[in-house]
Structures are given as structure tokens and as C-alpha cells.
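Text of the file protein22.cif, holding mmCIF, C-alpha atoms:
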```cif
data_input
loop_
_atom_site.label_atom_id
_atom_site.label_comp_id
_atom_site.auth_asym_id
_atom_site.auth_seq_id
_atom_site.Cartn_x
_atom_site.Cartn_y
_atom_site.Cartn_z
CA MET C 18 6.32 22.50 -35.85
CA LYS C 19 8.55 19.44 -35.75
CA ARG C 20 9.06 19.93 -32.01
CA GLN C 21 5.30 20.19 -31.46
CA ILE C 22 4.83 16.75 -32.95
CA VAL C 23 7.92 15.04 -31.55
CA VAL C 24 7.45 15.91 -27.86
CA PRO C 25 3.82 14.64 -27.53
CA LEU C 26 4.83 11.56 -29.54
CA LEU C 27 7.70 10.89 -27.13
CA ILE C 28 5.41 11.34 -24.15
CA ILE C 29 2.94 8.80 -25.59
CA ILE C 30 5.76 6.32 -26.33
CA CYS C 31 7.14 6.73 -22.79
CA ILE C 32 3.73 6.17 -21.20
CA LEU C 33 3.17 3.07 -23.34
CA LEU C 34 6.64 1.76 -22.43
CA LEU C 35 6.08 2.60 -18.77
CA PHE C 36 3.02 0.41 -18.52
CA SER C 37 3.96 -2.32 -20.97
CA GLY C 38 4.72 -5.77 -19.64
CA GLY C 39 8.43 -5.73 -20.40
CA PHE C 40 9.08 -2.55 -18.51
CA SER C 41 7.03 -3.66 -15.50
CA ARG C 42 9.08 -6.85 -15.32
CA VAL C 43 12.41 -5.02 -15.48
CA ALA C 44 11.24 -2.42 -12.94
CA GLY C 45 10.10 -5.26 -10.69
CA TYR C 46 13.70 -6.56 -10.43
CA VAL C 47 14.78 -3.14 -9.16
CA GLN C 48 11.77 -2.54 -6.94
CA GLN C 49 11.73 -5.92 -5.18
CA PRO C 50 15.12 -5.47 -3.39
CA LEU C 51 14.07 -1.95 -2.37
CA VAL C 52 10.81 -3.27 -0.90
CA SER C 53 12.77 -6.05 0.87
CA ALA C 54 15.20 -3.49 2.32
CA GLY C 55 12.37 -1.29 3.56
CA THR C 56 10.50 -4.29 4.96
CA SER C 57 13.63 -5.47 6.84
CA ILE C 58 13.95 -2.04 8.46
CA PHE C 59 10.24 -2.15 9.30
CA ARG C 60 10.57 -5.57 10.97
CA TRP C 61 13.65 -4.51 12.92
CA VAL C 62 11.95 -1.34 14.24
CA TYR C 63 8.65 -3.17 14.85
CA PHE C 64 10.27 -5.90 16.95
CA ALA C 65 12.48 -3.45 18.83
CA ALA C 66 9.42 -1.33 19.69
CA ALA C 67 7.26 -4.37 20.55
CA SER C 68 9.48 -5.47 23.40
CA PRO C 69 12.74 -3.73 24.27
CA THR C 70 13.60 -6.48 26.80
CA MET C 71 13.43 -9.36 24.33
CA SER C 72 15.67 -10.09 21.40
CA ILE C 73 14.31 -10.14 17.85
CA ASP C 74 14.92 -13.90 17.66
CA GLU C 75 12.89 -14.49 20.83
CA ILE C 76 9.96 -12.44 19.51
CA GLU C 77 10.11 -14.19 16.13
CA ASN C 78 10.10 -17.57 17.90
CA LEU C 79 7.04 -16.58 19.93
CA ILE C 80 5.23 -15.40 16.80
CA GLU C 81 6.15 -18.64 15.04
CA GLN C 82 4.82 -20.64 18.00
CA ARG C 83 1.58 -18.64 18.04
CA ASN C 84 1.15 -19.13 14.29
CA SER C 85 1.89 -22.81 14.62
CA PHE C 86 -0.75 -23.21 17.36
CA ALA C 87 -3.27 -21.28 15.28
CA ILE C 88 -2.60 -23.51 12.27
CA ASP C 89 -2.82 -26.65 14.43
CA GLN C 90 -6.13 -25.57 15.90
CA ALA C 91 -7.58 -24.61 12.51
CA GLU C 92 -6.42 -27.94 11.06
CA TYR C 93 -7.84 -29.78 14.05
CA GLU C 94 -11.24 -28.10 13.62
CA GLU C 95 -11.14 -28.85 9.93
CA LEU C 96 -10.23 -32.47 10.61
CA VAL C 97 -13.12 -32.83 13.05
CA ASP C 98 -15.53 -31.48 10.43
CA GLU C 99 -13.97 -33.62 7.76
CA ASN C 100 -14.22 -36.69 9.96
CA GLU C 101 -17.93 -36.07 10.47
CA GLU C 102 -18.44 -35.66 6.75
CA LEU C 103 -16.44 -38.80 6.07
CA ARG C 104 -18.58 -40.78 8.43
CA ALA C 105 -21.67 -39.38 6.77
CA LEU C 106 -20.54 -39.88 3.21
CA LEU C 107 -18.77 -43.19 3.82
CA GLY C 108 -15.36 -42.27 2.72
CA PHE C 109 -16.00 -39.77 -0.02
CA SER C 110 -13.98 -36.66 0.57
CA GLU C 111 -10.76 -35.42 -0.77
CA ARG C 112 -9.02 -32.32 0.29
CA THR C 113 -7.54 -30.70 -2.75
CA ALA C 114 -4.54 -28.41 -2.42
CA TYR C 115 -5.00 -24.82 -3.53
CA SER C 116 -3.34 -23.80 -6.76
CA HIS C 117 -1.21 -20.74 -6.06
CA ILE C 118 1.59 -18.59 -7.49
CA PRO C 119 4.28 -16.72 -5.58
CA ALA C 120 4.47 -12.96 -6.08
CA SER C 121 6.75 -10.16 -4.94
CA ILE C 122 5.54 -6.84 -3.62
CA ILE C 123 6.99 -4.13 -5.86
CA ALA C 124 5.24 -1.00 -4.55
CA ARG C 125 3.14 0.07 -1.61
CA SER C 126 0.63 2.82 -0.98
CA PRO C 127 2.14 6.08 0.25
CA LEU C 128 -0.68 6.38 2.79
CA ASP C 129 -0.20 4.06 5.75
CA ASP C 130 -3.89 3.63 6.45
CA THR C 131 -4.55 2.60 2.88
CA ASP C 132 -2.95 -0.86 3.13
CA ARG C 133 -2.64 -1.43 -0.59
CA PHE C 134 0.29 -2.80 -2.52
CA VAL C 135 1.26 -3.81 -6.04
CA ILE C 136 2.54 -7.29 -6.89
CA ASP C 137 4.56 -8.42 -9.90
CA LYS C 138 1.96 -10.89 -11.18
CA GLY C 139 -0.98 -9.95 -13.38
CA GLU C 140 -3.56 -11.25 -15.81
CA SER C 141 -0.91 -13.00 -17.89
CA GLU C 142 -0.30 -15.36 -14.93
CA GLY C 143 -3.97 -15.94 -14.24
CA VAL C 144 -4.47 -13.31 -11.55
CA LYS C 145 -7.93 -11.75 -11.49
CA VAL C 146 -9.95 -9.41 -9.32
CA GLY C 147 -11.23 -11.06 -6.14
CA LEU C 148 -8.49 -13.67 -5.74
CA PRO C 149 -7.18 -14.06 -2.18
CA VAL C 150 -3.58 -13.23 -1.28
CA VAL C 151 -1.85 -15.10 1.55
CA ILE C 152 1.57 -15.20 3.19
CA ASP C 153 3.77 -18.26 3.55
CA ASP C 154 1.88 -19.61 6.59
CA GLY C 155 -1.36 -19.46 4.65
CA PHE C 156 -2.77 -16.47 6.53
CA LEU C 157 -5.04 -14.28 4.42
CA ILE C 158 -3.76 -10.70 4.09
CA GLY C 159 -5.91 -9.28 1.32
CA LYS C 160 -7.58 -9.66 -2.04
CA VAL C 161 -6.77 -8.54 -5.57
CA THR C 162 -8.78 -5.40 -6.37
CA SER C 163 -7.42 -4.36 -9.74
CA VAL C 164 -5.26 -6.06 -12.30
CA THR C 165 -3.22 -5.21 -15.38
CA ASN C 166 -1.49 -7.62 -17.71
CA GLU C 167 1.71 -7.73 -15.62
CA ASN C 168 0.74 -6.35 -12.19
CA ALA C 169 -2.06 -6.47 -9.69
CA THR C 170 -3.09 -4.20 -6.85
CA VAL C 171 -3.92 -5.96 -3.59
CA THR C 172 -6.13 -4.36 -0.97
CA GLY C 173 -5.30 -5.47 2.56
CA LEU C 174 -7.85 -6.68 5.08
CA THR C 175 -7.49 -3.54 7.19
CA HIS C 176 -8.38 -1.21 4.31
CA ILE C 177 -11.58 0.72 4.96
CA GLU C 178 -13.20 -0.64 1.78
CA SER C 179 -12.21 -4.26 2.49
CA ALA C 180 -14.89 -6.84 3.35
CA THR C 181 -14.44 -10.61 3.65
CA ALA C 182 -16.92 -13.40 4.38
CA VAL C 183 -15.60 -15.26 7.43
CA SER C 184 -16.61 -17.77 10.06
CA ILE C 185 -15.54 -18.19 13.65
CA LEU C 186 -14.15 -21.51 14.80
CA ASN C 187 -16.61 -21.81 17.68
CA LEU C 188 -19.25 -24.46 18.30
CA ASN C 189 -21.70 -23.08 15.74
CA LYS C 190 -19.13 -21.99 13.16
CA THR C 191 -20.72 -18.54 13.25
CA ILE C 192 -20.51 -16.70 9.95
CA GLY C 193 -20.21 -12.95 9.51
CA LEU C 194 -18.65 -10.14 7.54
CA LEU C 195 -15.15 -8.96 8.39
CA GLU C 196 -14.48 -5.34 7.49
CA GLY C 197 -11.41 -3.13 7.63
CA GLU C 198 -11.53 0.07 9.62
CA GLY C 199 -8.41 1.82 8.37
CA GLY C 200 -6.46 1.00 11.53
CA SER C 201 -4.70 -2.19 12.54
CA LEU C 202 -7.82 -4.05 13.72
CA LEU C 203 -10.83 -5.50 11.89
CA SER C 204 -14.50 -5.42 12.70
CA MET C 205 -16.70 -8.49 12.33
CA SER C 206 -20.35 -7.53 12.01
CA TYR C 207 -23.74 -9.21 11.47
CA ILE C 208 -23.19 -11.79 14.18
CA PRO C 209 -26.60 -12.87 15.52
CA GLN C 210 -27.14 -12.14 19.22
CA ASP C 211 -27.72 -15.81 20.07
CA GLN C 212 -24.25 -16.87 18.91
CA GLU C 213 -21.73 -17.57 21.63
CA LEU C 214 -18.30 -16.12 21.06
CA GLU C 215 -15.19 -15.91 23.15
CA THR C 216 -12.08 -13.83 22.89
CA ASN C 217 -9.19 -15.68 21.23
CA ASP C 218 -11.57 -17.66 19.00
CA LEU C 219 -9.99 -18.09 15.59
CA VAL C 220 -11.51 -16.43 12.53
CA VAL C 221 -11.18 -18.11 9.13
CA THR C 222 -12.65 -17.49 5.69
CA SER C 223 -16.09 -19.03 5.34
CA GLY C 224 -15.82 -20.08 1.70
CA LEU C 225 -19.04 -18.22 0.88
CA GLU C 226 -17.20 -15.72 -1.30
CA GLU C 227 -16.33 -16.26 -4.93
CA TYR C 228 -12.67 -17.28 -5.44
CA VAL C 229 -11.94 -17.29 -1.67
CA PRO C 230 -11.73 -20.84 -0.30
CA GLY C 231 -12.91 -21.63 3.20
CA GLY C 232 -10.50 -22.26 6.07
CA LEU C 233 -7.88 -19.60 5.38
CA LEU C 234 -6.75 -18.18 8.71
CA VAL C 235 -7.51 -14.50 9.16
CA GLY C 236 -7.21 -13.51 12.82
CA VAL C 237 -8.30 -13.94 16.42
CA ILE C 238 -11.16 -12.28 18.29
CA ASN C 239 -9.80 -9.50 20.44
CA ALA C 240 -13.00 -8.12 21.96
CA ILE C 241 -16.75 -8.61 21.68
CA GLN C 242 -19.14 -5.65 21.54
CA GLU C 243 -22.67 -6.54 22.62
CA ASP C 244 -25.73 -4.33 22.65
CA SER C 245 -28.88 -6.10 23.86
CA GLN C 246 -31.04 -3.65 21.84
CA ALA C 247 -29.32 -4.43 18.54
CA PRO C 248 -30.15 -7.52 16.46
CA PHE C 249 -26.49 -8.27 15.87
CA LYS C 250 -23.31 -8.08 17.86
CA GLU C 251 -19.84 -7.16 16.70
CA ALA C 252 -16.40 -8.59 17.32
CA VAL C 253 -13.06 -6.84 17.09
CA VAL C 254 -10.63 -9.10 15.26
CA GLU C 255 -6.85 -8.83 15.32
CA PRO C 256 -5.30 -10.01 12.04
CA LEU C 257 -2.66 -12.72 12.41
CA ALA C 258 -0.47 -11.28 9.66
CA ASP C 259 0.57 -7.75 8.76
CA ALA C 260 1.26 -7.23 5.06
CA LYS C 261 3.89 -4.60 5.88
CA GLN C 262 6.12 -7.31 7.38
CA TYR C 263 6.34 -9.28 4.15
CA SER C 264 7.81 -8.61 0.75
CA ARG C 265 6.68 -11.89 -0.85
CA VAL C 266 3.16 -13.31 -0.94
CA PHE C 267 1.11 -16.02 -2.65
CA VAL C 268 -1.97 -15.54 -4.82
CA ILE C 269 -4.44 -18.42 -4.59
CA LEU C 270 -5.65 -19.01 -8.11
CA GLU C 271 -8.25 -21.70 -7.58
CA SER C 272 -9.75 -23.21 -4.48
CA GLY C 273 -9.75 -26.62 -6.13
CA LEU C 274 -12.93 -27.55 -4.29
CA MET D 18 15.33 15.26 -26.97
CA MET D 19 18.15 14.30 -24.62
CA ARG D 20 16.76 16.33 -21.71
CA PHE D 21 13.40 14.62 -22.14
CA PHE D 22 14.93 11.18 -21.68
CA ILE D 23 17.03 12.34 -18.72
CA VAL D 24 13.91 13.73 -17.02
CA VAL D 25 11.98 10.48 -17.65
CA ALA D 26 14.88 8.26 -16.48
CA LEU D 27 15.41 10.30 -13.31
CA PHE D 28 11.68 10.29 -12.64
CA LEU D 29 11.63 6.49 -12.81
CA VAL D 30 14.53 6.24 -10.34
CA VAL D 31 12.97 8.69 -7.86
CA SER D 32 9.47 7.23 -8.24
CA ILE D 33 10.72 3.64 -7.73
CA ILE D 34 12.61 4.68 -4.57
CA GLN D 35 9.46 6.42 -3.27
CA MET D 36 6.99 3.64 -4.11
CA ALA D 37 9.18 0.65 -3.24
CA PHE D 38 11.56 1.71 -0.47
CA PHE D 39 10.08 4.62 1.47
CA THR D 40 6.56 3.16 1.60
CA SER D 41 7.99 -0.07 3.10
CA LEU D 42 9.61 1.75 6.03
CA PRO D 43 7.95 1.78 9.47
CA GLU D 44 5.51 4.52 10.40
CA PRO D 45 5.83 7.47 10.23
CA PHE D 46 8.87 7.32 7.93
CA SER D 47 6.80 5.58 5.26
CA LEU D 48 4.96 8.88 4.80
CA THR D 49 8.11 10.74 3.63
CA PRO D 50 7.17 12.60 0.41
CA PHE D 51 10.53 11.82 -1.20
CA LEU D 52 9.46 12.55 -4.78
CA LEU D 53 7.77 15.84 -3.90
CA VAL D 54 10.75 17.07 -1.89
CA VAL D 55 13.23 16.17 -4.63
CA SER D 56 11.00 17.68 -7.33
CA VAL D 57 10.44 20.99 -5.54
CA TYR D 58 14.11 21.15 -4.54
CA LEU D 59 15.23 20.75 -8.17
CA ILE D 60 12.66 23.27 -9.44
CA GLN D 61 13.41 25.76 -6.67
CA ARG D 62 17.14 25.49 -6.28
CA PHE D 63 18.14 25.01 -9.91
CA GLY D 64 15.10 26.30 -11.85
CA PHE D 65 14.43 22.93 -13.53
CA SER D 66 10.77 23.67 -14.40
CA LEU D 67 10.47 20.50 -16.50
CA ILE D 68 10.68 18.51 -13.24
CA GLY D 69 7.12 19.71 -12.51
CA TRP D 70 6.01 16.87 -14.79
CA TRP D 71 7.33 14.39 -12.21
CA ILE D 72 4.58 15.48 -9.84
CA VAL D 73 1.95 15.08 -12.57
CA PHE D 74 3.19 11.59 -13.48
CA GLN D 75 3.27 10.54 -9.82
CA GLY D 76 -0.43 11.38 -9.55
CA PHE D 77 -1.08 9.40 -12.69
CA ILE D 78 0.75 6.33 -11.30
CA LEU D 79 -1.15 6.51 -7.99
CA ASP D 80 -4.44 6.51 -9.89
CA PHE D 81 -3.31 3.84 -12.35
CA TYR D 82 -2.53 1.35 -9.54
CA HIS D 83 -5.36 2.56 -7.25
CA LEU D 84 -2.78 3.01 -4.50
CA SER D 85 -4.19 6.10 -2.82
CA SER D 86 -7.31 6.23 -0.68
CA VAL D 87 -7.93 9.75 -2.03
CA PRO D 88 -9.50 9.56 -5.50
CA PHE D 89 -8.45 11.41 -8.67
CA GLU D 90 -4.89 12.01 -7.51
CA PHE D 91 -3.93 12.91 -11.07
CA PHE D 92 -5.90 16.17 -10.81
CA SER D 93 -4.59 16.98 -7.31
CA TYR D 94 -0.99 16.32 -8.33
CA SER D 95 -1.38 18.26 -11.62
CA ALA D 96 -2.67 21.33 -9.80
CA THR D 97 0.08 20.87 -7.20
CA ALA D 98 2.72 20.81 -9.95
CA VAL D 99 1.54 24.23 -11.13
CA ILE D 100 1.67 25.57 -7.54
CA ALA D 101 5.13 24.00 -7.07
CA VAL D 102 6.55 25.75 -10.14
CA PHE D 103 4.87 29.06 -9.22
CA ALA D 104 5.96 28.94 -5.56
CA SER D 105 9.49 27.93 -6.48
CA ARG D 106 10.02 30.53 -9.17
CA SER D 107 7.93 33.48 -7.98
CA LEU D 108 7.22 33.25 -4.26
CA PHE D 109 10.31 31.99 -2.48
CA SER D 110 13.99 32.74 -2.77
CA ASN D 111 16.20 29.90 -3.97
CA ARG D 112 19.23 31.19 -2.10
CA SER D 113 18.49 29.79 1.33
CA PHE D 114 17.34 26.65 3.08
CA TYR D 115 14.22 28.48 4.32
CA GLY D 116 13.27 29.53 0.80
CA VAL D 117 13.35 25.91 -0.40
CA LEU D 118 11.54 24.80 2.75
CA GLY D 119 8.84 27.43 2.17
CA ALA D 120 8.29 26.20 -1.40
CA ILE D 121 8.08 22.57 -0.25
CA VAL D 122 5.63 23.30 2.59
CA THR D 123 3.47 25.42 0.24
CA THR D 124 3.44 22.58 -2.30
CA LEU D 125 2.54 19.95 0.32
CA LEU D 126 -0.22 22.09 1.82
CA SER D 127 -1.59 22.79 -1.68
CA LEU D 128 -1.64 19.08 -2.41
CA SER D 129 -3.51 18.45 0.84
CA VAL D 130 -6.04 21.19 0.04
CA PHE D 131 -6.65 19.78 -3.47
CA GLU D 132 -7.01 16.27 -2.08
CA LEU D 133 -9.42 17.53 0.56
CA LEU D 134 -11.49 19.45 -2.02
CA ILE D 135 -11.81 16.40 -4.26
CA THR D 136 -12.74 14.28 -1.25
CA ILE D 137 -15.41 16.77 -0.14
CA VAL D 138 -16.86 16.96 -3.67
CA LEU D 139 -16.95 13.18 -3.82
CA ILE D 140 -18.62 12.86 -0.44
CA THR D 141 -21.21 15.47 -1.50
CA PHE D 142 -22.22 13.60 -4.63
CA HIS D 143 -21.43 9.99 -3.73
CA SER D 144 -21.26 8.06 -0.52
CA SER D 145 -17.59 7.61 0.25
CA GLN D 146 -15.69 6.55 3.33
CA VAL D 147 -12.96 8.95 4.32
CA GLN D 148 -11.38 9.36 7.74
CA PHE D 149 -10.60 13.05 8.05
CA SER D 150 -8.64 12.56 11.29
CA VAL D 151 -6.31 10.13 9.50
CA LEU D 152 -5.97 12.52 6.56
CA PHE D 153 -5.16 15.39 8.94
CA MET D 154 -2.47 13.37 10.76
CA PHE D 155 -1.09 12.33 7.40
CA VAL D 156 -0.75 15.98 6.31
CA ILE D 157 1.08 16.90 9.53
CA TRP D 158 3.47 13.95 9.31
CA ARG D 159 4.09 14.49 5.61
CA THR D 160 5.07 18.11 6.26
CA ILE D 161 7.31 17.30 9.25
CA LEU D 162 9.07 14.51 7.36
CA ALA D 163 9.51 16.67 4.26
CA ALA D 164 11.19 19.36 6.39
CA ALA D 165 13.37 16.76 8.14
CA PHE D 166 14.33 15.12 4.86
CA LEU D 167 15.23 18.46 3.31
CA PHE D 168 17.26 19.29 6.39
CA LEU D 169 19.27 16.09 5.77
CA ILE D 170 19.77 16.41 2.01
CA TYR D 171 20.23 20.18 1.71
CA PRO D 172 23.83 20.41 3.02
CA PHE D 173 24.74 17.28 1.06
CA THR D 174 23.44 18.61 -2.27
CA GLU D 175 24.98 22.02 -1.61
CA LYS D 176 28.36 20.28 -1.28
CA ILE D 177 27.79 18.50 -4.60
CA LEU D 178 26.78 21.82 -6.12
CA LYS D 179 30.05 23.32 -5.02
CA LEU D 180 31.83 20.60 -6.99
CA GLY D 181 30.21 22.16 -10.02
CA TRP D 182 28.98 19.14 -11.97
CA ILE D 183 25.26 19.81 -11.58
CA VAL D 184 25.63 23.28 -13.08
CA ASP D 185 26.44 21.64 -16.41
CA TYR D 186 22.97 20.17 -16.48
CA LYS D 187 21.22 23.43 -15.70
CA SER D 188 20.81 24.32 -19.34
CA THR D 189 19.50 20.82 -20.01
CA PHE D 190 16.62 20.98 -17.54
CA SER D 191 15.49 24.57 -17.38
CA ARG D 192 12.72 25.73 -19.72
#
```
Do you think you could lay out the structure here as C-alpha cells?
Amino acid sequence: MKRQIVVPLLIIICILLLFSGGFSRVAGYVQQPLVSAGTSIFRWVYFAAASPTMSIDEIENLIEQRNSFAIDQAEYEELVDENEELRALLGFSERTAYSHIPASIIARSPLDDTDRFVIDKGESEGVKVGLPVVIDDGFLIGKVTSVTNENATVTGLTHIESATAVSILNLNKTIGLLEGEGGSLLSMSYIPQDQELETNDLVVTSGLEEYVPGGLLVGVINAIQEDSQAPFKEAVVEPLADAKQYSRVFVILESGL
Amino acid sequence: MMRFFIVVALFLVVSIIQMAFFTSLPEPFSLTPFLLVVSVYLIQRFGFSLIGWWIVFQGFILDFYHLSSVPFEFFSYSATAVIAVFASRSLFSNRSFYGVLGAIVTTLLSLSVFELLITIVLITFHSSQVQFSVLFMFVIWRTILAAAFLFLIYPFTEKILKLGWIVDYKSTFSR
């Protein structure tokens, strides 16, 4: 009789402890180095497979250069827009920095196509569903899809259920919906036929989505799929950042705009 | 009481290694079912039936953090735990590598069947996006990696077994 009461009671206590804030924090200290170790192996294998003739440093330099050019171009486009607004509004405009918190990845999905991971920040630090998650260069990699008091689950852009409001940095600043397809590429749909796009155009967040500020870099157009019979055309977008290569991220709390 | 805490503590260690380290490795190694292999190995080789709860808890954690693209993992993993214990204790011999391998492959295939059934039921009643080709590849890789992983750890654990220390815990875990 005593055993029948004690064992279920212990199970309940263990489950409560398992998901209480204190335990999550302690587990996070153990999990973070393990995620970092796994991520380091991933990066090493990824770079070695990407180009056997180049060293890892050379590839990292090239990626840094590409990212730097992408940031410069996005900033340039933003500055042009801002300049026009400034002229129109006679000096009234202030770009406010985004409020963000750093977070560590403490667990990832066991399914590779799922592109979901758990971070060590939750509701207690102001994280809520829908907030964007970026890496150190400011590239968007996903959004918070569920949250507990101490942790949050982030769904990556490539996840099949992921959808983000974006715009293309072309002449018309074409807006559209960027959706994950379960693979490594993204699909941008609902682009009107009359919009002119080119491959290598940058794709940024449009700012039309709640909590997601505009101008966050997402990816570059890889291919354009046109069908003259359809009202819209589609673009294949290659994300600029892969969440699997990072073990630390930032959650943007407020756009400040 | 003591065995309960040992089982919970060991589960946390194995689960953290699975969720934090293995899932961060490059494809296809990130698909290694570390927790399932260790669980079935312990149930099969040493008769630690209580370890079946590890599989149930793993399903619960996947659902709790919404980490799996297959819904209701708790039910799939719970049913798999029953199959794991049955296969380990009644279907396959625990005296050879192939016996343990048979139990692990049966468990993994059962898990895949349960996941597939839940997915089909969900698609029938609700609109849901599932890529069956991806799921199929995942099942194949998971099975290959489980066999490879067992092939690596089996001789190692057998050597430890020969040292005799794990036998002391046999009475702690079984039943």
C-alpha cells in the first residue's frame, strides 16, 4: 500500500522538478557545452565537405565577406529609403536599436528536417511566441513557436510549417510570403507577375508581421519560377544562415519602432 | 526508492546527450537514436525492464518542447516501450550481438509504424503537412545508425561486463 502511494508521488515530484525553472537552468549548463561540441563537429564536417581544396579558414573568410556585402547592401538600401523619408519629413526619423537578449541552444530536434531547437530563455526573460530569433550578424533564422517559463522552442525558417512576411530589395520592394519546405531552401510565394526579380536579390523581413521588425536579412534569391498562366510567381530563396552552425542566438524582444 | 532515483538520473544523462550532442552532429549522424539503443540494450542484455520508462519519458519530452514533426510522440514512444520490453524479454536472445540487434531493429521499426499510424490518422481527420519520403529516409538512417552504434558499443560494454561491476546493479534495475 505504502509503495503504491510513494512511487506515483515520486514520479510526480520528478516530473515537476524536471520542468521547473531551477532544473532547466542547471541542465542548460550541461547541455550548452554538448551542443557547442556537436556544432563544432558539424561545422568542421560541413566546411570539409563544402570544398576539399580550401582550408576551413578560407571558407570562413569567404562566408564572412559574403555576409558583410549582404549587410552593406541591406544597410545601403535602408539608408536610401531613410534618406528619402528624411527629405520628405524634414529631419524627423530616428532609427531605434532592437532590444534583444542572447540565448544558448540547449537541445535540437532529433529529426533533421524539423529544424527546431530549444533555447535557455523563456517567459521569465520576456520571450513570447512570435518573437524573431537571429544570429550574431543579425540574420533571421527562425521564430519562437512555444514558450515555457525558462525555455522556448524556436522553429527555423526551413521548417515546413514556417511562414514569414518578407520583402525583396529590388526596385519595387516586392513583398511576399516566405515558407519553409522541409529542405535547405525556402519558397517565396504570392509575388505578383508584374514584379521584376533577379537572382541574387536580397530578401529581408517586411515588418508586416507582429513582433518581427522590417529589414532583418533572411536570404538571397536562388531561382525564379514563372508560369504565365498563374497570377503569382514564386522564388526559391537560399537562407543566409543555417541554425545548425550556431550554438548561440539572439531573441529580438521589441522592434523599438 | 534508490533504484528509482538511479533510473531517473541515468535517464537525464542519456536524454541530455541525445538532445544536446547527437542532434547537433552533421547529417546523418544527428539521426542516431542514442537513447533508444541504450534503453533496449539495457533491457535486453541485463533485463532492466524499468528502463522502458526512459522511452516513455523521451516521447513526453519531445511533445513537451514540440521538437518532433510527428505529433503525439508520447503515445508512439509509450507503445514502443511496451514492444521494446516484449521483444527484449520474449522474442530475442540476450546472449549474442544479433539478439540485441534484433530487439533494437524491432523497436525502431515499431516506433516508425506507430508514428506513421498517428500521422495517417491525423492526415485523415485534419489537414497536416507530412513528407513521407523524408520520414522513410529517416527510418532507414535511424536503423542503420542504430546498428552501427550498437556495433561500436557492444564490445566495449561486454568488456565492462566482464569486469563485473554492472552485475551488482542487476538486482537494482530488474523488475
* To do: Restrict the distance test to only C-alpha atoms, flag each residue of chain D within 7 Å of chain C, and return the flagged residues as a VMD selection string.
  => chain D and resid 33 36 to 43 47 to 48 82 84 to 86
* To do: Carefully work through the PyMOL selection byres ((chain C and resi 241) around 12) for this structure and note down the residues it includes, as a count of residues only.
  => 27
* Structure fact -> Taken to one decimal, the atom CA of Ile157 of chain D-atom CA of Phe114 of chain D distance is 20.0 Å
Cut-off 9 Å: closest segment 77-143 of chain D/segment 50-65 of chain D atom pairs per residue, using only C-alpha atoms, as CSV:
```
residue,atom,partner,partner_atom,distance
D:Ala98,CA,D:Val57,CA,8.9
D:Ala101,CA,D:Val57,CA,6.3
D:Val102,CA,D:Ile60,CA,6.6
D:Ala104,CA,D:Gln61,CA,8.2
D:Ser105,CA,D:Gln61,CA,4.5
D:Arg106,CA,D:Gln61,CA,6.4
D:Phe109,CA,D:Gln61,CA,8.1
D:Ser110,CA,D:Gln61,CA,8.0
D:Asn111,CA,D:Arg62,CA,5.1
D:Arg112,CA,D:Arg62,CA,7.4
D:Ser113,CA,D:Arg62,CA,8.8
D:Gly116,CA,D:Gln61,CA,8.4
D:Val117,CA,D:Gln61,CA,6.3
D:Leu118,CA,D:Tyr58,CA,8.5
D:Ala120,CA,D:Val57,CA,7.0
D:Ile121,CA,D:Val57,CA,6.0
D:Thr124,CA,D:Val57,CA,7.9
D:Leu125,CA,D:Leu53,CA,7.9
```
Find the smallest box with edges along x, y and z containing every listed atom of segment 68-83 of chain C, then add 8 Å on each side and report centre and edge lengths in Å to one decimal, as JSON.
```
{"center_x": 8.6, "center_y": -12.2, "center_z": 20.9, "size_x": 30.1, "size_y": 32.9, "size_z": 27.8}
```
* What does the PyMOL selection byres ((chain D and resi 73) around 9) select in this file, as an MDAnalysis selection string? -> chainID D and resid 69:72 74:78 91:98
* To do: Write out as a PyMOL selection string the residues lying within 7 Å of Thr49 of chain D, counting all atoms listed in the file and excluding same-chain residues fewer than 4 positions away.
  => chain D and resi 39+159+162-163
* Could you state which residues are captured by the PyMOL selection byres ((chain C and resi 137) around 6) in this file, as a PyMOL selection string? => chain C and resi 120-121+136+138+168
Let's have the selection written as a short mmCIF file (atom, residue, chain, number, x, y, z; two decimals), in the coordinates of the input, with C-alpha atoms.
```
data_model
loop_
_atom_site.label_atom_id
_atom_site.label_comp_id
_atom_site.auth_asym_id
_atom_site.auth_seq_id
_atom_site.Cartn_x
_atom_site.Cartn_y
_atom_site.Cartn_z
CA ALA C 120 4.47 -12.96 -6.08
CA SER C 121 6.75 -10.16 -4.94
CA ILE C 136 2.54 -7.29 -6.89
CA LYS C 138 1.96 -10.89 -11.18
CA ASN C 168 0.74 -6.35 -12.19
#
```
* d(atom CA of Gly236 of chain C, atom CA of Val221 of chain C) in Å -> 7.1 Å
